[in-house]
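S.K.: If it helps, the file is called my_file-v9.csv and holds CSV, C-alpha atoms:
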```csv
chain,number,residue,atom,x,y,z
A,14,MET,CA,-30.7,52.2,-49.7
A,15,LEU,CA,-27.3,51.2,-51.1
A,16,LEU,CA,-26.3,47.5,-51.3
A,17,TYR,CA,-22.8,46.1,-51.3
A,18,GLU,CA,-21.3,42.6,-51.4
A,19,ASN,CA,-19.4,41.2,-48.4
A,20,CYS,CA,-16.3,38.9,-48.7
A,21,ARG,CA,-18.6,35.9,-49.4
A,22,GLY,CA,-20.4,37.7,-52.3
A,23,LYS,CA,-23.6,38.2,-50.3
A,24,GLN,CA,-25.5,41.5,-50.7
A,25,VAL,CA,-25.8,43.5,-47.5
A,26,ARG,CA,-27.7,46.7,-46.9
A,27,GLN,CA,-25.6,49.6,-45.9
A,28,GLY,CA,-26.0,50.3,-42.2
A,29,GLU,CA,-26.9,46.8,-41.3
A,30,PRO,CA,-24.5,44.9,-39.0
A,31,ALA,CA,-22.4,42.3,-40.6
A,32,THR,CA,-23.3,38.8,-39.4
A,33,MET,CA,-21.3,35.6,-39.2
A,34,THR,CA,-22.6,33.0,-41.7
A,35,THR,CA,-22.1,29.3,-41.6
A,36,ASP,CA,-21.8,28.6,-45.3
A,37,HIS,CA,-18.2,27.5,-44.9
A,38,PRO,CA,-18.0,23.9,-46.3
A,39,HIS,CA,-16.7,22.6,-43.0
A,40,ALA,CA,-18.8,24.7,-40.6
A,41,ASP,CA,-21.5,23.2,-38.4
A,42,ALA,CA,-23.1,23.6,-35.1
A,43,ALA,CA,-19.9,22.4,-33.3
A,44,GLY,CA,-18.4,25.8,-33.7
A,45,PRO,CA,-16.2,27.9,-36.0
A,46,VAL,CA,-13.5,26.4,-38.1
A,47,ALA,CA,-9.9,27.3,-37.8
A,48,SER,CA,-8.3,28.2,-41.1
A,49,GLY,CA,-4.8,27.4,-42.2
A,50,PRO,CA,-2.8,24.9,-44.2
A,51,GLY,CA,-3.7,21.3,-44.1
A,52,THR,CA,-7.0,19.7,-42.8
A,53,ALA,CA,-9.4,22.1,-41.2
A,54,LYS,CA,-9.5,21.8,-37.4
A,55,ARG,CA,-12.8,21.9,-35.7
A,56,LEU,CA,-13.0,24.1,-32.6
A,57,GLY,CA,-15.5,24.1,-29.8
A,58,ARG,CA,-16.6,21.6,-27.2
A,59,PRO,CA,-14.2,18.6,-26.8
A,60,PRO,CA,-15.5,15.1,-27.5
A,61,ARG,CA,-17.4,13.6,-24.5
A,62,ILE,CA,-15.3,11.5,-22.2
A,63,THR,CA,-16.8,8.4,-20.5
A,64,PRO,CA,-16.0,7.0,-17.1
A,65,ALA,CA,-14.7,3.9,-18.8
A,66,GLN,CA,-12.2,5.9,-20.9
A,67,ILE,CA,-11.0,7.7,-17.7
A,68,ALA,CA,-10.6,4.4,-15.9
A,69,GLU,CA,-8.8,2.7,-18.8
A,70,ALA,CA,-6.4,5.7,-19.0
A,71,ALA,CA,-5.6,5.5,-15.3
A,72,LEU,CA,-5.0,1.7,-15.6
A,73,ALA,CA,-2.8,2.1,-18.6
A,74,ILE,CA,-0.7,4.6,-16.7
A,75,GLY,CA,-0.6,2.4,-13.6
A,76,LEU,CA,-2.6,3.3,-10.5
A,77,ASP,CA,0.6,4.1,-8.6
A,78,GLN,CA,1.4,6.8,-11.2
A,79,ALA,CA,-2.1,7.9,-12.1
A,80,THR,CA,-2.9,11.5,-11.2
A,81,ILE,CA,-5.6,13.9,-12.4
A,82,ARG,CA,-3.0,15.7,-14.5
A,83,ASN,CA,-1.4,12.8,-16.3
A,84,VAL,CA,-4.7,11.1,-16.9
A,85,ALA,CA,-6.0,14.3,-18.5
A,86,ASP,CA,-2.8,14.5,-20.6
A,87,ARG,CA,-3.3,10.9,-21.8
A,88,LEU,CA,-6.9,11.7,-22.7
A,89,GLY,CA,-5.9,14.9,-24.5
A,90,MET,CA,-8.0,17.1,-22.3
A,91,SER,CA,-7.5,19.8,-19.8
A,92,VAL,CA,-7.2,19.3,-16.1
A,93,PRO,CA,-10.3,21.5,-15.4
A,94,GLY,CA,-12.2,19.4,-18.0
A,95,LEU,CA,-11.3,16.2,-16.2
A,96,TYR,CA,-12.4,17.7,-12.9
A,97,HIS,CA,-15.9,17.7,-14.3
A,98,HIS,CA,-15.8,13.9,-14.0
A,99,VAL,CA,-13.6,13.2,-11.0
A,100,ARG,CA,-12.8,15.6,-8.2
A,101,THR,CA,-9.9,13.9,-6.4
A,102,ARG,CA,-7.2,11.4,-7.1
A,103,GLU,CA,-8.9,9.0,-4.6
A,104,GLU,CA,-12.1,9.2,-6.7
A,105,LEU,CA,-10.0,8.6,-9.8
A,106,LEU,CA,-8.4,5.5,-8.3
A,107,ALA,CA,-11.7,4.2,-7.1
A,108,MET,CA,-13.2,4.6,-10.5
A,109,ALA,CA,-10.3,2.7,-12.1
A,110,ALA,CA,-10.4,-0.1,-9.5
A,111,ALA,CA,-14.1,-0.6,-9.9
A,112,HIS,CA,-13.8,-0.7,-13.7
A,113,SER,CA,-10.9,-3.2,-13.6
A,114,LEU,CA,-12.7,-5.6,-11.3
A,115,GLY,CA,-15.9,-5.1,-13.3
A,116,GLU,CA,-14.1,-6.2,-16.4
A,117,VAL,CA,-12.9,-9.5,-14.9
A,118,PRO,CA,-14.5,-12.2,-17.1
A,119,LEU,CA,-16.7,-14.9,-15.8
A,120,PRO,CA,-15.8,-18.4,-17.0
A,121,GLU,CA,-18.1,-20.1,-19.5
A,122,ASP,CA,-20.6,-22.4,-18.0
A,123,HIS,CA,-20.5,-25.7,-20.0
A,124,GLY,CA,-21.8,-28.0,-17.2
A,125,GLN,CA,-18.5,-28.5,-15.4
A,126,PRO,CA,-18.5,-29.2,-11.6
A,127,TRP,CA,-19.0,-26.0,-9.6
A,128,THR,CA,-15.6,-26.4,-8.0
A,129,GLU,CA,-13.9,-26.2,-11.4
A,130,TRP,CA,-16.0,-23.1,-12.4
A,131,MET,CA,-15.2,-21.3,-9.1
A,132,LEU,CA,-11.5,-22.1,-9.3
A,133,GLU,CA,-11.4,-20.7,-12.9
A,134,TYR,CA,-13.3,-17.6,-11.7
A,135,GLY,CA,-10.9,-17.2,-8.8
A,136,ARG,CA,-7.9,-17.4,-11.1
A,137,PHE,CA,-9.3,-14.6,-13.2
A,138,VAL,CA,-9.7,-12.4,-10.2
A,139,TYR,CA,-6.3,-13.4,-8.7
A,140,ASP,CA,-4.5,-12.6,-12.0
A,141,ALA,CA,-6.2,-9.2,-12.2
A,142,LEU,CA,-5.2,-8.3,-8.6
A,143,VAL,CA,-1.6,-9.4,-9.0
A,144,ALA,CA,-1.3,-7.4,-12.3
A,145,GLN,CA,-2.6,-4.3,-10.6
A,146,PRO,CA,-1.6,-4.4,-6.9
A,147,GLU,CA,-3.1,-0.9,-6.3
A,148,ILE,CA,-6.5,-2.4,-6.8
A,149,VAL,CA,-6.1,-4.3,-3.5
A,150,GLY,CA,-5.9,-1.1,-1.6
A,151,GLN,CA,-9.2,0.1,-3.2
A,152,ILE,CA,-10.8,-3.2,-2.2
A,153,LEU,CA,-9.7,-2.7,1.4
A,154,ALA,CA,-11.2,0.8,1.3
A,155,GLY,CA,-14.5,-0.7,0.3
A,156,THR,CA,-14.4,0.6,-3.3
A,157,TYR,CA,-16.7,-1.2,-5.7
A,158,ASN,CA,-19.3,-0.5,-8.3
A,159,THR,CA,-22.6,-1.8,-7.0
A,160,VAL,CA,-24.1,-2.1,-10.4
A,161,ARG,CA,-21.2,-4.3,-11.7
A,162,LEU,CA,-21.3,-6.2,-8.4
A,163,ALA,CA,-24.9,-7.0,-8.8
A,164,GLN,CA,-24.4,-8.2,-12.4
A,165,HIS,CA,-21.5,-10.4,-11.3
A,166,LEU,CA,-23.5,-11.9,-8.4
A,167,GLU,CA,-26.4,-12.7,-10.6
A,168,ARG,CA,-24.3,-14.7,-12.9
A,169,ILE,CA,-22.4,-16.5,-10.1
A,170,PHE,CA,-25.6,-17.3,-8.3
A,171,ALA,CA,-27.1,-18.6,-11.6
A,172,VAL,CA,-24.2,-21.1,-12.0
A,173,LEU,CA,-24.3,-22.3,-8.4
A,174,THR,CA,-28.1,-22.5,-7.9
A,175,ALA,CA,-28.2,-24.6,-11.1
A,176,ARG,CA,-26.0,-27.0,-9.2
A,177,GLY,CA,-28.2,-27.3,-6.1
A,178,PHE,CA,-27.1,-24.3,-4.0
A,179,THR,CA,-29.5,-21.9,-2.4
A,180,VAL,CA,-28.9,-18.2,-3.0
A,181,GLU,CA,-27.6,-17.9,0.6
A,182,GLU,CA,-25.2,-20.8,0.1
A,183,ALA,CA,-24.1,-19.4,-3.2
A,184,ASP,CA,-23.3,-16.0,-1.6
A,185,ALA,CA,-21.4,-17.6,1.2
A,186,THR,CA,-19.4,-19.7,-1.2
A,187,ARG,CA,-18.6,-16.7,-3.3
A,188,ARG,CA,-17.5,-14.7,-0.2
A,189,HIS,CA,-15.2,-17.6,1.0
A,190,LEU,CA,-13.6,-17.8,-2.4
A,191,THR,CA,-13.2,-14.0,-2.6
A,192,ASP,CA,-11.5,-13.9,0.8
A,193,ALA,CA,-9.1,-16.7,-0.2
A,194,VAL,CA,-8.3,-15.1,-3.6
A,195,ASN,CA,-7.6,-11.7,-2.0
A,196,GLY,CA,-5.3,-13.2,0.6
A,197,ALA,CA,-3.5,-15.3,-2.1
A,198,ALA,CA,-3.0,-12.2,-4.3
A,199,VAL,CA,-1.7,-10.1,-1.4
A,200,SER,CA,0.8,-12.9,-0.6
A,201,GLU,CA,2.0,-13.1,-4.2
A,202,ILE,CA,2.2,-9.3,-4.5
A,203,GLY,CA,4.4,-9.2,-1.4
A,204,ARG,CA,6.6,-12.0,-2.6
A,205,ARG,CA,7.3,-10.2,-5.8
A,206,ALA,CA,8.0,-6.9,-4.1
A,207,THR,CA,10.6,-8.5,-1.8
A,208,ILE,CA,12.4,-10.0,-4.8
A,209,VAL,CA,12.3,-6.7,-6.7
A,210,ASP,CA,13.6,-4.9,-3.6
A,211,GLY,CA,16.5,-7.4,-3.3
A,212,HIS,CA,15.5,-9.1,0.0
A,213,PRO,CA,13.5,-12.3,-0.6
A,214,ARG,CA,12.1,-14.0,2.5
A,215,ARG,CA,14.6,-16.8,2.5
A,216,ASP,CA,17.6,-14.4,2.6
A,217,ASP,CA,16.0,-12.3,5.3
A,218,LEU,CA,15.4,-15.4,7.4
A,219,ARG,CA,18.9,-16.6,6.9
A,220,ARG,CA,20.2,-13.3,8.2
A,221,ALA,CA,17.9,-13.5,11.2
A,222,VAL,CA,19.1,-17.0,12.0
A,223,GLN,CA,22.7,-15.8,11.8
A,224,ALA,CA,22.0,-12.9,14.0
A,225,LEU,CA,20.1,-15.0,16.6
A,226,GLY,CA,22.2,-18.2,16.3
A,227,PRO,CA,20.9,-21.5,14.9
A,228,SER,CA,20.5,-23.0,18.4
A,229,THR,CA,18.1,-20.2,19.3
A,230,VAL,CA,15.8,-20.8,16.4
A,231,PRO,CA,16.6,-24.4,15.2
A,232,LEU,CA,13.4,-25.0,13.4
A,233,VAL,CA,13.7,-21.8,11.4
A,234,ALA,CA,17.3,-22.7,10.7
A,235,GLU,CA,16.0,-26.1,9.3
A,236,LEU,CA,13.6,-24.2,7.1
A,237,VAL,CA,16.1,-21.9,5.5
A,238,ALA,CA,18.3,-24.8,4.7
A,239,VAL,CA,15.6,-25.9,2.2
A,240,ASP,CA,16.5,-24.9,-1.4
A,241,ASP,CA,13.3,-23.0,-2.2
A,242,ILE,CA,11.1,-22.0,0.7
A,243,ASP,CA,9.2,-19.5,-1.5
A,244,GLY,CA,8.2,-22.1,-4.1
A,245,VAL,CA,4.7,-22.6,-2.8
A,246,ASP,CA,2.0,-21.2,-5.1
A,247,PRO,CA,-0.2,-18.8,-3.2
A,248,PHE,CA,-3.2,-19.9,-5.3
A,249,ASP,CA,-2.9,-23.3,-3.5
A,250,THR,CA,-4.8,-21.6,-0.7
A,251,VAL,CA,-7.7,-21.0,-3.0
A,252,ARG,CA,-7.7,-24.6,-4.1
A,253,LEU,CA,-7.7,-25.7,-0.4
A,254,VAL,CA,-10.6,-23.5,0.4
A,255,VAL,CA,-12.7,-24.8,-2.5
A,256,ALA,CA,-11.8,-28.4,-1.7
A,257,ALA,CA,-12.9,-27.8,1.9
A,258,MET,CA,-16.2,-26.2,0.8
A,259,ALA,CA,-16.8,-29.2,-1.5
A,260,SER,CA,-16.1,-31.6,1.3
A,261,ALA,CA,-18.4,-29.8,3.7
A,262,ARG,CA,-21.2,-30.1,1.1
A,263,GLY,CA,-20.4,-33.8,0.5
A,264,ASP,CA,-19.3,-33.2,-3.0
A,265,ARG,CA,-16.4,-35.0,-4.6
```
Once you've parsed the file, please lay out its structure as structure tokens.
M.R.:
Amino acid sequence: MLLYENCRGKQVRQGEPATMTTDHPHADAAGPVASGPGTAKRLGRPPRITPAQIAEAALAIGLDQATIRNVADRLGMSVPGLYHHVRTREELLAMAAAHSLGEVPLPEDHGQPWTEWMLEYGRFVYDALVAQPEIVGQILAGTYNTVRLAQHLERIFAVLTARGFTVEEADATRRHLTDAVNGAAVSEIGRRATIVDGHPRRDDLRRAVQALGPSTVPLVAELVAVDDIDGVDPFDTVRLVVAAMASARGDR
């Protein structure tokens, strides 16, 4: 039987089908290699995308602008490819919100009073919510990562039980703090939104007083005469709640 050499210099028997070989210097199991000028480009299955990468891409875009398409674009993958990980925009936002809250750091425990530790933790959560207002909506929808939540709870409970709390007391304290932080964050987000939209609360109330007449709402008229009625720090609510819990426990 006659033999001949193929383009790679390999002898092939006449009549046998030509087969693809993988002796190209850049070829491997990932797939064939595209030829052309410059660095060889590997074709085949795209790199694996993790939920954390998807969430971080959505957060980088901003949850108000995050869609399946623009998150896929940011990750350099196709929309159908991203649909293998998240089916809807709501699921995408939930994933991003859970990731963001799960990344909130816990304060270092160096023996400080529990009130200081909880206030520091509350400030971390507050800042995260104010920076990403869309996360608040996900919290209201009951979106959370139970694995991350359990890990957070374990560390919070460890700090509080080391200071004389029972687990039940630690959980109640954490829930009171969380409620106060969420409310403070919503207040600050709303305050900033009214300023951006050009109608801060003081100006709106002044217009209302003018429309109704100062004699109709004299106490409100007195309030709007103050230079800065919006100068109260919403996080003061969190401080008050922690102080009240400390007082109820007899702590100072």
S.K.: Taking into account only C-alpha atoms, which residue in the set A:Ile208, A:Leu88, A:Val194, A:Ala185 is nearest to Val138 of chain A?
M.R.: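 Residue with the minimum atom-to-atom distance to Val138 of chain A: A:Val194.
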S.K.: Which is closest to Val233 of chain A among A:Val99, A:Ala221, A:Ala197, A:Leu72, if we use all atoms listed in the file?
M.R.: A:Ala221
S.K.: Figure out the distance between atom CA of Val239 of chain A and atom CA of Gly203 of chain A, please, to one decimal in Å.
M.R.: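 Atom CA of Gly203 of chain A sits 20.4 Å away from atom CA of Val239 of chain A.
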S.K.: At what distance in Å, to one decimal, does atom CA of Ala107 of chain A lie from atom CA of Thr186 of chain A?
M.R.: 25.8 Å
S.K.: Within 10 Å of (-12.2, -24.5, 0.2), all atoms listed in the file: residues as an mmCIF file with C-alpha atoms, in the frame of the given file?
M.R.:
```cif
data_model
loop_
_atom_site.group_PDB
_atom_site.id
_atom_site.type_symbol
_atom_site.label_atom_id
_atom_site.label_comp_id
_atom_site.auth_asym_id
_atom_site.auth_seq_id
_atom_site.Cartn_x
_atom_site.Cartn_y
_atom_site.Cartn_z
ATOM 1 C CA THR A 128 -15.600 -26.400 -8.000
ATOM 2 C CA LEU A 132 -11.500 -22.100 -9.300
ATOM 3 C CA THR A 186 -19.400 -19.700 -1.200
ATOM 4 C CA HIS A 189 -15.200 -17.600 1.000
ATOM 5 C CA LEU A 190 -13.600 -17.800 -2.400
ATOM 6 C CA ALA A 193 -9.100 -16.700 -0.200
ATOM 7 C CA THR A 250 -4.800 -21.600 -0.700
ATOM 8 C CA VAL A 251 -7.700 -21.000 -3.000
ATOM 9 C CA ARG A 252 -7.700 -24.600 -4.100
ATOM 10 C CA LEU A 253 -7.700 -25.700 -0.400
ATOM 11 C CA VAL A 254 -10.600 -23.500 0.400
ATOM 12 C CA VAL A 255 -12.700 -24.800 -2.500
ATOM 13 C CA ALA A 256 -11.800 -28.400 -1.700
ATOM 14 C CA ALA A 257 -12.900 -27.800 1.900
ATOM 15 C CA MET A 258 -16.200 -26.200 0.800
ATOM 16 C CA ALA A 259 -16.800 -29.200 -1.500
ATOM 17 C CA SER A 260 -16.100 -31.600 1.300
ATOM 18 C CA ALA A 261 -18.400 -29.800 3.700
#
```
S.K.: Using only C-alpha atoms, pick whichever of A:Thr191, A:Ser91, A:Thr101, A:Thr63 has the shortest atom-to-atom distance to Arg136 of chain A.
M.R.: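 Checking each of A:Thr191, A:Ser91, A:Thr101, A:Thr63 against Arg136 of chain A, counting only C-alpha atoms, the winner is A:Thr191.
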S.K.: Of the candidates A:Pro64, A:Gly89, A:Pro118, A:Gly177, which shows the shortest atom-to-atom distance to Tyr139 of chain A, using all atoms listed in the file?
M.R.: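 The closest residue to Tyr139 of chain A is A:Pro118.
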S.K.: Mind giving me the straight-line distance from atom CA of Leu166 of chain A to atom CA of Arg187 of chain A in Å, one decimal?
M.R.: 8.5 Å
S.K.: Skip Val199 of chain A itself and residues of its chain fewer than 6 positions away, then list as a list of chain:residue names all residues within 8 Å of it, counting all atoms listed in the file.
M.R.: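 After dropping sequence-adjacent residues, the list is A:Val143, A:Pro146, A:Val149.
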